[in-house]
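Notes for the one structure printed next.
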Amino acid sequence: MKNVVYIATSLDGYIATKDGGIDWLHDVPNPDQSDFGFAAFIEGIDALVMGRNTYEKVLSFGEWPYEKRVFVLSRSLTEVPEHLVGKVEFLEGQPHEIVEGLHQRGFQNLYIDGGKVVQVFLEASLIDEIILTTLPIVLGDGIPLFGKMELSTKLQHLQTEVLNNALVKSHYRVERQG
C-alpha cells in the first residue's frame, strides 16, 4: 500500500498560475509526444484522490482522461455529471479516514493530486512517495505545491532523470518521523 504524488511544478515551485492556469505545462517542446512515464505510473495505482479545484480543472479539459476511479475531496460538490457516474465519487472527511476507507474498499495504491490535498496528506504523514517533474520556467507567483506547512518533511532521493533535455523528474520516498 502506498500513496504517491505525481506532479509538475515550475522551477520556483508553483503548480499553476494565480488564476489556476496550467498552459505553461505545454510550453516545453515534446516532438516525440512522450508521456514521460505517466502511463507506466498510472498502471501501478488503483485510484486517484484529488481536491475539488483539481477536479474542476480536469473537467475543463473536455474529455475525461482517467480510466481509474477518481475520488474527489469536496464538502460542496454532491452530484457527479452523468458521463462520470461510476468513474468519479465525492468524499469528505479527515485524510486518515479517507485513506483507511479506500483501503477497506480495495484501493491500496493511491495517486494523490492537487496542491491542498498534497499538503494536507503530507502533514498527516499519508504520502509515501513524491514524483516531481520540474519545468524550466519561473512563474514568479501562483499556486504553490507545498505552501506554508506546520511540519517539515524529510525525503530520501531515489532517482532523477532529465527528460527531453528540459524537464527534471525526481522520485523521492518520504521518510517517516519518529
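Letters A, B, ... go to the chains of the C-alpha cells in the order shown; residues in each chain start at 1; ligands are counted from 1 in the same order.
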Write out as a tab-separated table the residues of stretch 54-169 of chain A that have any atom within 12 Å of an atom of stretch 29-42 of chain A, one row each with the nearest atom pair and its distance in Å to one decimal, counting only C-alpha atoms, sorted by chain and then rising number.
residue	atom	partner	partner_atom	distance
A:Pro65	CA	A:Ala39	CA	11.3
A:Tyr66	CA	A:Ile42	CA	9.1
A:Glu67	CA	A:Ile42	CA	9.3
A:Lys68	CA	A:Ile42	CA	8.2
A:Arg69	CA	A:Ile42	CA	11.2
A:Asn109	CA	A:Ile42	CA	10.0
A:Leu110	CA	A:Ile42	CA	9.7
A:Tyr111	CA	A:Ile42	CA	8.1
A:Ile112	CA	A:Ile42	CA	11.6
A:Glu129	CA	A:Phe41	CA	12.0
A:Ile130	CA	A:Phe41	CA	11.8
A:Ile131	CA	A:Phe41	CA	9.7
A:Leu132	CA	A:Phe38	CA	11.6
A:Thr133	CA	A:Phe36	CA	9.5
A:Leu135	CA	A:Pro29	CA	11.2
A:Pro136	CA	A:Pro29	CA	11.4
A:Glu161	CA	A:Phe36	CA	10.2
A:Val162	CA	A:Phe36	CA	10.0
A:Leu163	CA	A:Phe36	CA	7.1
A:Asn164	CA	A:Asn30	CA	7.1
A:Asn165	CA	A:Pro29	CA	9.8
A:Ala166	CA	A:Pro29	CA	8.6
A:Leu167	CA	A:Phe36	CA	9.4
A:Val168	CA	A:Phe36	CA	10.5
A:Lys169	CA	A:Phe36	CA	8.9
List the neighbours of A:Trp64 out to 10 Å using only C-alpha atoms; skip same-chain residues closer than 6 positions along the sequence, and give me the result as a PDB file with C-alpha atoms, in the first residue's frame.
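So result.pdb came out as:
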ATOM      1  CA  VAL A  58      -9.594  18.334 -15.223  1.00  0.00           C
ATOM      2  CA  HIS A  83     -20.935  10.877 -18.084  1.00  0.00           C
ATOM      3  CA  LEU A  84     -18.739  10.325 -14.997  1.00  0.00           C
ATOM      4  CA  LYS A  87     -15.819   6.901 -12.583  1.00  0.00           C
TER       5      LYS A  87
END
_DSSP helix (DSSP H, G or I) residues within stretch 15-174 of chain A, as a PyMOL selection string_ = chain A and resi 23-26+38-43+52-59+82-84+95-104+115-123
Could you write those residues out with C-alpha atoms, as an mmCIF file, in the first residue's frame?
data_model
loop_
_atom_site.group_PDB
_atom_site.id
_atom_site.type_symbol
_atom_site.label_atom_id
_atom_site.label_comp_id
_atom_site.auth_asym_id
_atom_site.auth_seq_id
_atom_site.Cartn_x
_atom_site.Cartn_y
_atom_site.Cartn_z
ATOM 1 C CA ASP A 23 -0.972 26.277 -20.061
ATOM 2 C CA TRP A 24 2.707 26.760 -19.225
ATOM 3 C CA LEU A 25 2.952 22.971 -18.751
ATOM 4 C CA HIS A 26 2.730 22.629 -22.530
ATOM 5 C CA PHE A 38 2.909 8.793 -16.734
ATOM 6 C CA ALA A 39 1.151 5.768 -18.298
ATOM 7 C CA ALA A 40 3.530 3.382 -16.521
ATOM 8 C CA PHE A 41 2.911 5.224 -13.261
ATOM 9 C CA ILE A 42 -0.887 5.029 -13.677
ATOM 10 C CA GLU A 43 -0.623 1.263 -14.286
ATOM 11 C CA ARG A 52 -12.188 19.977 -5.904
ATOM 12 C CA ASN A 53 -10.040 22.587 -7.672
ATOM 13 C CA THR A 54 -8.009 19.916 -9.462
ATOM 14 C CA TYR A 55 -11.191 18.052 -10.399
ATOM 15 C CA GLU A 56 -12.743 21.198 -11.847
ATOM 16 C CA LYS A 57 -9.567 21.887 -13.832
ATOM 17 C CA VAL A 58 -9.594 18.334 -15.223
ATOM 18 C CA LEU A 59 -13.277 18.730 -16.146
ATOM 19 C CA GLU A 82 -23.880 11.770 -15.843
ATOM 20 C CA HIS A 83 -20.935 10.877 -18.084
ATOM 21 C CA LEU A 84 -18.739 10.325 -14.997
ATOM 22 C CA PRO A 95 -7.312 12.262 5.482
ATOM 23 C CA HIS A 96 -6.723 9.164 7.655
ATOM 24 C CA GLU A 97 -10.411 8.231 7.463
ATOM 25 C CA ILE A 98 -10.440 8.669 3.691
ATOM 26 C CA VAL A 99 -7.333 6.548 3.125
ATOM 27 C CA GLU A 100 -8.492 3.833 5.526
ATOM 28 C CA GLY A 101 -11.919 3.747 3.901
ATOM 29 C CA LEU A 102 -10.415 3.449 0.418
ATOM 30 C CA HIS A 103 -8.054 0.694 1.563
ATOM 31 C CA GLN A 104 -11.010 -1.222 3.009
ATOM 32 C CA GLY A 115 -1.914 21.318 -4.097
ATOM 33 C CA LYS A 116 -4.093 21.500 -0.991
ATOM 34 C CA VAL A 117 -4.704 17.756 -0.884
ATOM 35 C CA VAL A 118 -0.976 17.039 -1.206
ATOM 36 C CA GLN A 119 -0.211 19.456 1.640
ATOM 37 C CA VAL A 120 -2.872 18.032 3.971
ATOM 38 C CA PHE A 121 -1.920 14.411 3.239
ATOM 39 C CA LEU A 122 1.786 15.179 3.651
ATOM 40 C CA GLU A 123 1.208 16.820 7.034
#
*Tell me which of A:Val72, A:Ser10, A:Val4, A:Thr78 sits closest to A:Val28, counting only C-alpha atoms.*
A:Ser10
